[in-house]
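The file upload01.csv comes next; it holds CSV, C-alpha atoms and all ligand atoms.
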chain,number,residue,atom,x,y,z
E,23,MET,CA,-102.0,-51.7,-1.8
E,24,LEU,CA,-99.5,-51.1,-4.6
E,25,ILE,CA,-99.8,-48.1,-6.9
E,26,ASN,CA,-97.6,-47.3,-10.0
E,27,CYS,CA,-96.8,-43.9,-11.3
E,28,PRO,CA,-98.2,-44.0,-14.8
E,29,LYS,CA,-95.3,-41.8,-16.2
E,30,CYS,CA,-92.1,-43.3,-14.7
E,31,GLY,CA,-93.4,-46.6,-13.3
E,32,LYS,CA,-92.1,-46.0,-9.8
E,33,LYS,CA,-94.0,-48.3,-7.4
E,34,TYR,CA,-95.4,-47.1,-4.0
E,35,LYS,CA,-96.8,-49.3,-1.3
E,36,ILE,CA,-99.5,-47.4,0.6
E,37,ASP,CA,-101.7,-48.4,3.5
E,38,GLU,CA,-105.2,-47.4,2.3
E,39,LYS,CA,-106.6,-47.6,5.9
E,40,THR,CA,-104.5,-44.6,6.8
E,41,LEU,CA,-105.7,-42.5,3.8
E,42,PRO,CA,-109.1,-40.7,4.1
E,43,PRO,CA,-111.4,-41.8,1.2
E,44,THR,CA,-111.5,-38.2,0.0
E,45,VAL,CA,-107.9,-38.5,-1.4
E,46,LYS,CA,-108.3,-39.0,-5.1
E,47,THR,CA,-104.9,-38.0,-6.5
E,48,ALA,CA,-101.2,-38.6,-5.7
E,49,GLN,CA,-97.9,-37.1,-6.8
E,50,CYS,CA,-94.9,-39.1,-7.8
E,51,LYS,CA,-91.8,-38.2,-5.7
E,52,GLU,CA,-89.6,-39.4,-8.5
E,53,CYS,CA,-90.9,-37.5,-11.6
E,54,GLY,CA,-93.4,-35.1,-10.1
E,55,GLU,CA,-96.3,-36.6,-12.1
E,56,ARG,CA,-99.8,-36.1,-10.6
E,57,PHE,CA,-102.2,-39.0,-11.2
E,58,GLN,CA,-105.5,-40.3,-10.1
E,59,ILE,CA,-105.8,-43.1,-7.5
E,60,ASN,CA,-108.9,-45.1,-6.6
E,61,ILE,CA,-109.0,-46.2,-3.0
E,62,GLN,CA,-111.7,-48.7,-2.1
E,63,PRO,CA,-112.7,-48.3,1.5
E,64,LYS,CA,-112.0,-51.5,3.4
E,65,PRO,CA,-114.8,-53.1,5.5
E,66,THR,CA,-114.3,-52.3,9.1
E,67,GLU,CA,-114.0,-55.3,11.5
E,68,GLY,CA,-117.3,-56.9,12.3
E,69,THR,CA,-119.0,-55.9,9.1
E,70,VAL,CA,-120.0,-58.6,6.6
E,71,ASP,CA,-119.5,-58.6,2.9
E,72,PRO,CA,-122.7,-58.1,0.9
E,73,PRO,CA,-124.3,-61.4,0.0
E,74,LYS,CA,-123.1,-62.7,-3.3
E,75,GLN,CA,-125.8,-62.8,-6.0
E,76,GLU,CA,-127.0,-66.4,-6.0
E,77,LYS,CA,-127.1,-68.2,-9.3
E,78,PRO,CA,-130.7,-68.1,-10.5
E,79,GLN,CA,-132.4,-71.2,-9.3
E,80,ARG,CA,-133.7,-73.6,-11.9
E,81,ASN,CA,-137.4,-73.9,-11.7
E,82,THR,CA,-137.5,-77.7,-11.8
E,83,ARG,CA,-140.9,-79.1,-12.8
E,84,ARG,CA,-141.8,-82.3,-11.0
E,85,ILE,CA,-144.3,-84.5,-12.9
E,86,ALA,CA,-145.6,-87.9,-11.9
E,87,VAL,CA,-147.2,-90.2,-14.5
E,88,SER,CA,-149.6,-92.1,-12.5
E,89,LEU,CA,-152.8,-94.2,-12.4
E,90,SER,CA,-153.5,-97.1,-10.2
E,91,LYS,CA,-154.7,-99.2,-13.1
E,92,GLY,CA,-152.1,-101.3,-14.9
E,93,GLY,CA,-151.2,-101.3,-18.6
E,94,VAL,CA,-152.5,-97.8,-19.5
E,95,GLY,CA,-149.3,-96.5,-20.9
E,96,LYS,CA,-147.6,-95.0,-17.8
E,97,THR,CA,-144.1,-96.3,-18.6
E,98,THR,CA,-144.5,-95.7,-22.3
E,99,THR,CA,-145.5,-92.1,-21.6
E,100,SER,CA,-142.8,-91.5,-18.9
E,101,VAL,CA,-140.1,-92.7,-21.2
E,102,ASN,CA,-141.2,-91.0,-24.4
E,103,LEU,CA,-142.1,-87.7,-22.7
E,104,SER,CA,-138.7,-87.7,-21.0
E,105,ALA,CA,-136.9,-88.6,-24.2
E,106,GLY,CA,-138.8,-85.9,-26.1
E,107,LEU,CA,-138.1,-83.2,-23.5
E,108,ALA,CA,-134.5,-84.2,-23.6
E,109,LEU,CA,-134.4,-84.0,-27.4
E,110,ALA,CA,-136.1,-80.5,-27.1
E,111,GLY,CA,-133.0,-79.4,-25.1
E,112,PHE,CA,-134.3,-79.7,-21.5
E,113,LYS,CA,-132.3,-81.5,-18.8
E,114,VAL,CA,-134.5,-84.4,-17.6
E,115,LEU,CA,-134.3,-86.9,-14.8
E,116,LEU,CA,-136.6,-89.9,-15.2
E,117,ILE,CA,-137.3,-91.8,-12.0
E,118,ASP,CA,-138.8,-95.3,-12.1
E,119,THR,CA,-140.6,-96.1,-8.8
E,120,ASP,CA,-141.9,-99.4,-10.0
E,121,THR,CA,-140.5,-102.8,-8.8
E,122,GLN,CA,-141.0,-104.0,-12.4
E,123,GLY,CA,-138.1,-101.6,-13.3
E,124,GLN,CA,-139.2,-101.4,-17.0
E,125,SER,CA,-137.8,-97.9,-17.8
E,126,SER,CA,-134.3,-99.1,-18.1
E,127,PHE,CA,-135.5,-101.9,-20.4
E,128,TYR,CA,-137.5,-99.4,-22.5
E,129,LEU,CA,-134.4,-97.2,-22.8
E,130,GLY,CA,-132.0,-100.0,-23.4
E,131,VAL,CA,-129.7,-99.2,-20.5
E,132,LYS,CA,-128.2,-101.4,-17.7
E,133,PRO,CA,-127.7,-99.3,-14.7
E,134,GLU,CA,-125.5,-100.3,-11.7
E,135,GLY,CA,-128.1,-99.2,-9.3
E,136,GLY,CA,-131.0,-96.9,-9.1
E,137,LEU,CA,-133.5,-95.3,-6.8
E,138,ALA,CA,-133.3,-98.0,-4.1
E,139,GLU,CA,-129.5,-97.6,-3.7
E,140,LEU,CA,-129.9,-93.8,-3.6
E,141,VAL,CA,-132.6,-93.9,-0.9
E,142,GLU,CA,-130.6,-96.5,1.1
E,143,GLY,CA,-127.4,-94.5,0.8
E,144,GLU,CA,-125.5,-97.3,-0.9
E,145,LEU,CA,-124.6,-95.2,-3.9
E,146,PRO,CA,-124.1,-91.5,-4.3
E,147,PRO,CA,-126.4,-89.7,-6.9
E,148,GLU,CA,-123.8,-89.7,-9.7
E,149,LYS,CA,-123.4,-93.5,-9.4
E,150,ALA,CA,-127.1,-94.2,-8.8
E,151,MET,CA,-128.2,-92.2,-11.9
E,152,VAL,CA,-127.3,-93.5,-15.4
E,153,LYS,CA,-127.0,-91.1,-18.3
E,154,ALA,CA,-129.4,-92.7,-20.8
E,155,ARG,CA,-129.2,-90.2,-23.6
E,156,ASP,CA,-128.0,-86.6,-24.1
E,157,ASN,CA,-129.8,-84.5,-21.5
E,158,LEU,CA,-131.6,-87.6,-20.1
E,159,TRP,CA,-130.7,-89.3,-16.8
E,160,LEU,CA,-132.4,-92.3,-15.3
E,161,LEU,CA,-132.9,-93.4,-11.7
E,162,ALA,CA,-133.9,-96.9,-12.3
E,163,GLY,CA,-136.6,-98.9,-10.4
E,164,GLY,CA,-136.6,-102.7,-9.9
E,165,LYS,CA,-137.0,-105.4,-7.3
E,166,GLN,CA,-134.7,-103.6,-4.9
E,167,LEU,CA,-137.4,-101.1,-4.3
E,168,ALA,CA,-139.1,-103.6,-2.1
E,169,GLY,CA,-136.5,-102.7,0.5
E,170,VAL,CA,-137.5,-99.0,0.2
E,171,LYS,CA,-141.1,-99.9,0.9
E,172,ARG,CA,-140.0,-101.6,4.1
E,173,ILE,CA,-137.9,-98.5,5.0
E,174,ILE,CA,-140.9,-96.3,4.5
E,175,ASP,CA,-143.2,-98.7,6.5
E,176,ARG,CA,-140.8,-98.8,9.4
E,177,LYS,CA,-140.5,-95.1,9.8
E,178,ASP,CA,-142.7,-93.8,12.7
E,179,PHE,CA,-143.4,-90.6,10.9
E,180,GLY,CA,-142.3,-88.8,7.7
E,181,GLY,CA,-142.1,-91.9,5.5
E,182,GLU,CA,-144.2,-90.1,2.9
E,183,LEU,CA,-141.4,-87.6,2.5
E,184,THR,CA,-138.8,-90.3,1.5
E,185,LEU,CA,-138.7,-89.4,-2.2
E,186,ALA,CA,-138.8,-85.7,-1.6
E,187,GLU,CA,-135.8,-85.9,0.9
E,188,THR,CA,-133.9,-88.1,-1.6
E,189,ILE,CA,-134.4,-86.1,-4.8
E,190,SER,CA,-134.6,-82.5,-3.5
E,191,PRO,CA,-130.8,-82.2,-3.1
E,192,ILE,CA,-130.2,-83.1,-6.8
E,193,GLU,CA,-133.3,-81.8,-8.6
E,194,HIS,CA,-131.8,-78.3,-9.3
E,195,ASN,CA,-129.7,-80.0,-12.0
E,196,PHE,CA,-132.7,-80.7,-14.0
E,197,ASP,CA,-135.5,-78.8,-15.8
E,198,TYR,CA,-137.9,-81.7,-15.4
E,199,VAL,CA,-138.1,-84.6,-13.0
E,200,VAL,CA,-140.5,-87.2,-14.5
E,201,VAL,CA,-141.7,-90.0,-12.2
E,202,ASP,CA,-143.1,-93.3,-13.5
E,203,THR,CA,-145.2,-95.0,-10.9
E,204,SER,CA,-146.3,-98.6,-10.4
E,205,PRO,CA,-149.9,-99.8,-10.9
E,206,GLY,CA,-151.8,-100.1,-7.6
E,207,TRP,CA,-151.2,-98.0,-4.6
E,208,ASP,CA,-148.3,-98.5,-2.3
E,209,PRO,CA,-146.1,-96.5,0.1
E,210,ILE,CA,-143.7,-95.4,-2.7
E,211,THR,CA,-146.6,-94.0,-4.7
E,212,VAL,CA,-147.7,-92.0,-1.7
E,213,SER,CA,-144.2,-90.8,-1.4
E,214,VAL,CA,-144.2,-89.7,-5.1
E,215,LEU,CA,-147.4,-87.7,-4.5
E,216,PHE,CA,-145.7,-85.9,-1.6
E,217,TYR,CA,-142.8,-85.0,-3.9
E,218,VAL,CA,-144.3,-84.0,-7.3
E,219,THR,CA,-146.6,-81.0,-7.9
E,220,GLU,CA,-148.0,-82.1,-11.3
E,221,LEU,CA,-149.8,-85.3,-12.2
E,222,LEU,CA,-150.1,-86.6,-15.7
E,223,ILE,CA,-152.7,-89.3,-15.8
E,224,PRO,CA,-152.8,-91.7,-18.8
E,225,ILE,CA,-156.2,-93.2,-19.4
E,226,SER,CA,-156.7,-96.0,-21.8
E,227,LEU,CA,-159.9,-95.2,-23.7
E,228,GLU,CA,-161.9,-98.2,-22.4
E,229,VAL,CA,-164.5,-98.5,-19.8
E,230,MET,CA,-162.5,-100.4,-17.2
E,231,SER,CA,-159.8,-97.8,-17.2
E,232,VAL,CA,-162.3,-95.0,-16.7
E,233,GLN,CA,-163.7,-96.8,-13.6
E,234,GLY,CA,-160.1,-97.0,-12.3
E,235,PHE,CA,-159.8,-93.3,-12.8
E,236,GLY,CA,-162.7,-92.6,-10.4
E,237,GLU,CA,-161.1,-94.6,-7.6
E,238,PHE,CA,-157.7,-93.0,-8.3
E,239,LEU,CA,-159.3,-89.5,-8.0
E,240,LYS,CA,-160.5,-90.3,-4.5
E,241,SER,CA,-157.0,-91.3,-3.4
E,242,ILE,CA,-155.6,-88.1,-4.9
E,243,ALA,CA,-158.2,-86.1,-3.0
E,244,ALA,CA,-157.1,-87.8,0.2
E,245,ILE,CA,-153.5,-86.7,-0.4
E,246,GLN,CA,-154.5,-83.2,-1.4
E,247,LYS,CA,-156.0,-82.7,2.1
E,248,TYR,CA,-152.4,-82.7,3.4
E,249,ARG,CA,-150.6,-81.5,0.3
E,250,LYS,CA,-152.5,-78.8,-1.7
E,251,GLU,CA,-149.6,-78.3,-4.2
E,252,VAL,CA,-150.2,-81.5,-6.0
E,253,ASN,CA,-152.6,-81.1,-8.9
E,254,ILE,CA,-153.9,-83.1,-11.9
E,255,LYS,CA,-152.3,-81.1,-14.7
E,256,TYR,CA,-152.8,-83.4,-17.6
E,257,ILE,CA,-155.2,-86.2,-18.6
E,258,LEU,CA,-153.7,-88.2,-21.4
E,259,PRO,CA,-156.1,-90.5,-23.3
E,260,THR,CA,-154.1,-93.5,-24.6
E,261,PHE,CA,-154.7,-96.4,-26.9
E,262,GLN,CA,-157.1,-94.4,-29.0
E,263,ASP,CA,-158.6,-96.4,-31.8
E,264,ARG,CA,-160.8,-94.2,-33.9
E,265,ARG,CA,-162.5,-97.2,-35.4
E,266,VAL,CA,-164.0,-98.0,-32.0
E,267,LYS,CA,-167.0,-95.8,-31.3
E,268,LYS,CA,-166.7,-96.4,-27.5
E,269,SER,CA,-163.3,-94.8,-27.6
E,270,SER,CA,-164.6,-91.5,-29.0
E,271,VAL,CA,-167.6,-91.5,-26.6
E,272,ILE,CA,-165.3,-91.8,-23.6
E,273,LEU,CA,-163.0,-89.1,-25.0
E,274,ASP,CA,-165.9,-86.6,-25.5
E,275,LYS,CA,-167.0,-87.3,-21.9
E,276,PHE,CA,-163.6,-86.5,-20.6
E,277,LYS,CA,-163.3,-83.3,-22.6
E,278,ASP,CA,-166.7,-82.2,-21.3
E,279,LEU,CA,-165.8,-82.9,-17.7
E,280,TYR,CA,-162.2,-81.8,-17.6
E,281,GLY,CA,-161.7,-79.3,-20.6
E,282,ASP,CA,-158.3,-78.1,-21.4
E,283,ILE,CA,-156.3,-80.5,-19.2
E,284,VAL,CA,-157.3,-83.3,-21.5
E,285,CYS,CA,-154.4,-83.7,-24.0
E,286,LYS,CA,-154.6,-84.8,-27.6
E,287,PRO,CA,-154.8,-88.6,-27.4
E,288,ILE,CA,-152.0,-91.0,-28.1
E,289,ARG,CA,-153.3,-93.3,-30.8
E,290,TYR,CA,-152.9,-97.0,-30.8
E,291,ASN,CA,-149.7,-97.6,-32.6
E,292,SER,CA,-148.1,-101.0,-33.0
E,293,VAL,CA,-144.6,-99.5,-33.0
E,294,LEU,CA,-145.2,-98.4,-29.4
E,295,THR,CA,-145.8,-102.0,-28.5
E,296,GLU,CA,-142.6,-103.1,-30.2
E,297,ASN,CA,-140.1,-100.3,-29.3
E,298,PRO,CA,-139.4,-101.4,-25.7
E,299,ALA,CA,-137.9,-104.6,-27.0
E,300,PHE,CA,-135.4,-102.6,-29.0
E,301,GLY,CA,-134.5,-100.3,-26.0
E,302,GLN,CA,-135.3,-97.2,-28.0
E,303,SER,CA,-137.7,-94.3,-27.6
E,304,ILE,CA,-140.3,-93.9,-30.3
E,305,PHE,CA,-138.3,-90.9,-31.7
E,306,GLU,CA,-135.3,-93.2,-32.2
E,307,MET,CA,-137.2,-96.2,-33.4
E,308,ALA,CA,-139.8,-94.6,-35.7
E,309,PRO,CA,-139.6,-90.8,-35.8
E,310,GLY,CA,-142.1,-90.6,-38.6
E,311,SER,CA,-144.7,-92.8,-36.9
E,312,LYS,CA,-148.1,-91.8,-35.5
E,313,GLY,CA,-146.7,-92.6,-32.0
E,314,ALA,CA,-143.8,-90.2,-32.4
E,315,GLU,CA,-146.2,-87.5,-33.8
E,316,ASP,CA,-148.5,-87.9,-30.8
E,317,TYR,CA,-145.7,-87.9,-28.2
E,318,ARG,CA,-144.2,-84.8,-29.8
E,319,ASP,CA,-147.5,-83.1,-29.3
E,320,LEU,CA,-147.5,-84.1,-25.7
E,321,VAL,CA,-143.9,-82.7,-25.3
E,322,ARG,CA,-145.1,-79.4,-26.7
E,323,LYS,CA,-148.2,-79.3,-24.4
E,324,VAL,CA,-146.1,-80.0,-21.3
E,325,ALA,CA,-143.3,-77.6,-22.3
E,326,GLY,CA,-146.0,-75.0,-23.1
E,327,ASP,CA,-144.3,-74.2,-26.3
E,328,PRO,CA,-146.0,-75.1,-29.6
E,329,ASN,CA,-142.8,-74.5,-31.5
E,330,CYS,CA,-140.5,-76.7,-29.5
E,331,PHE,CA,-139.2,-79.9,-30.9
E,332,LYS,CA,-140.1,-79.0,-34.5
N,401,LIG,N1,-150.4,-96.1,-27.8
N,401,LIG,C1,-150.0,-97.4,-27.7
N,401,LIG,N2,-150.2,-98.2,-28.8
N,401,LIG,C2,-149.8,-99.5,-28.7
N,401,LIG,N3,-149.2,-100.1,-27.7
N,401,LIG,C3,-149.0,-99.3,-26.6
N,401,LIG,C4,-149.3,-98.0,-26.6
N,401,LIG,N4,-148.9,-97.5,-25.4
N,401,LIG,C5,-148.4,-98.5,-24.7
N,401,LIG,N5,-148.4,-99.6,-25.4
N,401,LIG,C6,-147.9,-100.9,-25.0
N,401,LIG,O1,-148.8,-101.4,-24.0
N,401,LIG,C7,-148.1,-102.1,-23.0
N,401,LIG,C8,-148.4,-101.4,-21.6
N,401,LIG,O2,-147.8,-100.1,-21.7
N,401,LIG,P1,-147.0,-99.6,-20.4
N,401,LIG,O3,-146.0,-100.6,-20.0
N,401,LIG,O4,-146.5,-98.2,-20.8
N,401,LIG,O5,-148.2,-99.5,-19.4
N,401,LIG,P2,-148.1,-99.2,-17.8
N,401,LIG,O6,-149.2,-98.4,-17.4
N,401,LIG,O7,-146.7,-98.6,-17.5
N,401,LIG,O8,-148.2,-100.6,-17.2
N,401,LIG,P3,-147.9,-101.0,-15.7
N,401,LIG,O9,-149.1,-100.5,-15.0
N,401,LIG,O10,-147.9,-102.6,-15.7
N,401,LIG,O11,-146.7,-100.4,-15.3
N,401,LIG,C9,-146.7,-102.1,-23.4
N,401,LIG,O12,-146.4,-103.3,-24.1
N,401,LIG,C10,-146.5,-101.0,-24.4
N,401,LIG,O13,-145.5,-101.2,-25.3
N,402,MG,MG,-145.3,-99.3,-16.1
Output the structure of this file as structure tokens.
Ligand SMILES: Nc1ncnc2c1ncn2[C@@H]1O[C@H](COP(=O)(O)OP(=O)(O)OP(=O)(O)O)[C@@H](O)[C@H]1O
Ligand SMILES: [Mg+2]
Amino acid sequence: MLINCPKCGKKYKIDEKTLPPTVKTAQCKECGERFQINIQPKPTEGTVDPPKQEKPQRNTRRIAVSLSKGGVGKTTTSVNLSAGLALAGFKVLLIDTDTQGQSSFYLGVKPEGGLAELVEGELPPEKAMVKARDNLWLLAGGKQLAGVKRIIDRKDFGGELTLAETISPIEHNFDYVVVDTSPGWDPITVSVLFYVTELLIPISLEVMSVQGFGEFLKSIAAIQKYRKEVNIKYILPTFQDRRVKKSSVILDKFKDLYGDIVCKPIRYNSVLTENPAFGQSIFEMAPGSKGAEDYRDLVRKVAGDPNCFK
């Protein structure tokens, strides 16, 4: 260790190992100045440095938007919820697990690859993900996911952990991972349910959709036997048409049965039918529309912050 005399600047090389830690001052041989020295005891051999303080881990929320019935607003909700959370300042990864691969179309992006390439190890995460907007990344779905289904099917055990194993190494980069699922029930959906902890279930306010919900609940209960962490966190009524009495009867029934987890409904809004064709979220296409207003409310409910995104 080198020390300098603060008065004349003379440099001294000292071996701190040979000095007892009680020595706190030194005297310069050149000018006679006495000054303070600060000797840090060196770790003796075999001792280990104290563990460095780890960076606080991001508490990534993992939400699947799911219902086995088709056309209830899963993709519309996944895309607009993700876009809204990103606009509110959160880092979001949207994963499309559907072979229809509509999320990229809804967001107007043309990714090189997506979830299938990441699972199969053909692309690294930074190439498989596409940055769709500020704060928003997409792992696209599409036809290639058929290969992932085969991979899961061929595994003797652990196939249900495929998504968890693929996404866990990268999820710490995000505040939210939102997963859009396909209609029906397939090995990829099971894998989604073994990865996420929160379920957001869009229910179109019509009788058929409600029947589909009952069936879906049974499937979820079957998964929960093995994985208690996955919970129905939000029920989102969609396609609300206040002119249709049946719509409000169904909504009241859901509120009675499920209470607070029933979100404020997403009203029927023609802009929501059109905006996928323009590759824009509802906030980009029509920020003043009913659809944007309703999805903003959903973002606030999910983020747990009534003031966010105002
Ligand atoms: N609130 C709404 N008002 C009007 N149209 C809507 C609304 N929500 C979704 N849509 C439209 O309804 C259609 C089905 O929606 P979406 O694709 O989100 O359903 P989905 O559940 O993902 O379907 P699938 O099960 O086939 O994946 C789309 O054309 C979409 O633009
Ligand atoms: Mg869809």
**Prompt:** Leaving out segment 108-124 of chain E and any residue of its chain fewer than 5 positions from it, which residues lie within 7 Å of it when counting only C-alpha atoms, given as number ranges by chain?
**Reply:** E: 156-165, 167-168, 196-204, 210, 330-331
Expressed in Å, the length from atom CA of Gly301 of chain E to atom CA of Phe127 of chain E is 5.9 Å
Using all atoms listed in the file, what does the table of segment 70-174 of chain E residues within 12 Å of segment 221-233 of chain E look like, with each row giving the shortest atom pair and its distance in Å to one decimal, sorted by chain and ascending number, as a Markdown table?
| residue | atom | partner | partner_atom | distance |
| --- | --- | --- | --- | --- |
| E:Arg83 | CA | E:Leu221 | CA | 10.9 |
| E:Arg84 | CA | E:Leu221 | CA | 8.6 |
| E:Ile85 | CA | E:Leu221 | CA | 5.6 |
| E:Ala86 | CA | E:Leu221 | CA | 4.9 |
| E:Val87 | CA | E:Leu222 | CA | 4.8 |
| E:Ser88 | CA | E:Ile223 | CA | 5.3 |
| E:Leu89 | CA | E:Ile223 | CA | 6.0 |
| E:Ser90 | CA | E:Ser231 | CA | 9.4 |
| E:Lys91 | CA | E:Ser231 | CA | 6.7 |
| E:Gly92 | CA | E:Ser231 | CA | 8.8 |
| E:Gly93 | CA | E:Ser226 | CA | 8.3 |
| E:Val94 | CA | E:Ser226 | CA | 5.1 |
| E:Gly95 | CA | E:Pro224 | CA | 6.3 |
| E:Lys96 | CA | E:Pro224 | CA | 6.2 |
| E:Thr97 | CA | E:Pro224 | CA | 9.8 |
| E:Thr98 | CA | E:Pro224 | CA | 9.9 |
| E:Thr99 | CA | E:Pro224 | CA | 7.8 |
| E:Ser100 | CA | E:Leu222 | CA | 9.4 |
| E:Leu103 | CA | E:Leu222 | CA | 10.7 |
request  = Within 7 Å of segment 146-152 of chain E, counting all atoms listed in the file, which residues show up once you throw out same-chain ones fewer than 6 positions away? Write them as a PyMOL selection string, please.
outcome  = chain E and resi 133-137+139-140+159-161
Exercise. With only C-alpha atoms and all ligand atoms as the atoms that count, which of E:Arg289, E:Arg322, E:Lys153, E:Lys312 lies nearest to ligand LIG 401 (chain N)?
Worked result: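 Smallest separation from ligand LIG 401 (chain N) among the options: E:Arg289.
The space between atom CA of Thr260 of chain E and atom CA of Val131 of chain E spans 25.4 Å.
With only C-alpha atoms and all ligand atoms as the atoms that count, the residue of E:Leu294, E:Val266, E:Leu320, E:Val218 with the shortest distance to ligand LIG 401 (chain N) is E:Leu294.
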Taken to one decimal, the atom CA of Lys323 of chain E-atom CA of Arg265 of chain E distance is 25.4 Å
Min atom-atom distance to ligand LIG 401 (chain N) from the set E:Pro205, E:Pro259, E:Pro28, E:Gly106, counting all atoms listed in the file, belongs to E:Pro205
Practice prompt. Find the residues around Cys27 of chain E up to 12 Å (only C-alpha atoms counted), leave out those fewer than 5 positions away in its own chain, and share them as a PyMOL selection string.
Written response: chain E and resi 32-35+47-59
Once you have the residues from the selection above, write them out as a tab-separated table (two decimals), in the coordinates of the input, restricted to C-alpha atoms.
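What ended up in out_27.tsv:
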chain	number	residue	atom	x	y	z
E	32	LYS	CA	-92.10	-46.00	-9.80
E	33	LYS	CA	-94.00	-48.30	-7.40
E	34	TYR	CA	-95.40	-47.10	-4.00
E	35	LYS	CA	-96.80	-49.30	-1.30
E	47	THR	CA	-104.90	-38.00	-6.50
E	48	ALA	CA	-101.20	-38.60	-5.70
E	49	GLN	CA	-97.90	-37.10	-6.80
E	50	CYS	CA	-94.90	-39.10	-7.80
E	51	LYS	CA	-91.80	-38.20	-5.70
E	52	GLU	CA	-89.60	-39.40	-8.50
E	53	CYS	CA	-90.90	-37.50	-11.60
E	54	GLY	CA	-93.40	-35.10	-10.10
E	55	GLU	CA	-96.30	-36.60	-12.10
E	56	ARG	CA	-99.80	-36.10	-10.60
E	57	PHE	CA	-102.20	-39.00	-11.20
E	58	GLN	CA	-105.50	-40.30	-10.10
E	59	ILE	CA	-105.80	-43.10	-7.50
Restricting to all atoms listed in the file, whichever of E:Tyr317, E:Tyr280, E:Tyr217, E:Tyr290 is closest to ligand LIG 401 (chain N) is E:Tyr290
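Of the residues listed (E:Asp282, E:Ser292, E:Gly206, E:Leu215), E:Leu215 shows the shortest atom-to-atom separation from Ala243 of chain E; distances use only C-alpha atoms.
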Q: Between E:Ile36, E:Val101, E:Gln246, E:Lys46, single out the one closest to ligand MG 402 (chain N), counting only C-alpha atoms and all ligand atoms.
A: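 Closest residue, counting only C-alpha atoms and all ligand atoms: E:Val101.
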Exercise for review: Find the spatial neighbours of His194 of chain E, counting all atoms listed in the file, within a cut-off of 8 Å - ignore same-chain residues fewer than 4 positions away - and output them as a PyMOL selection string.
Suggested key: chain E and resi 79-82+190
Could you dump the residues just selected with C-alpha atoms as a compact mmCIF listing (two decimals), in the coordinates of the input?
# COMPACT_ATOMS: atom_id res chain seq x y z
CA GLN E 79 -132.40 -71.20 -9.30
CA ARG E 80 -133.70 -73.60 -11.90
CA ASN E 81 -137.40 -73.90 -11.70
CA THR E 82 -137.50 -77.70 -11.80
CA SER E 190 -134.60 -82.50 -3.50
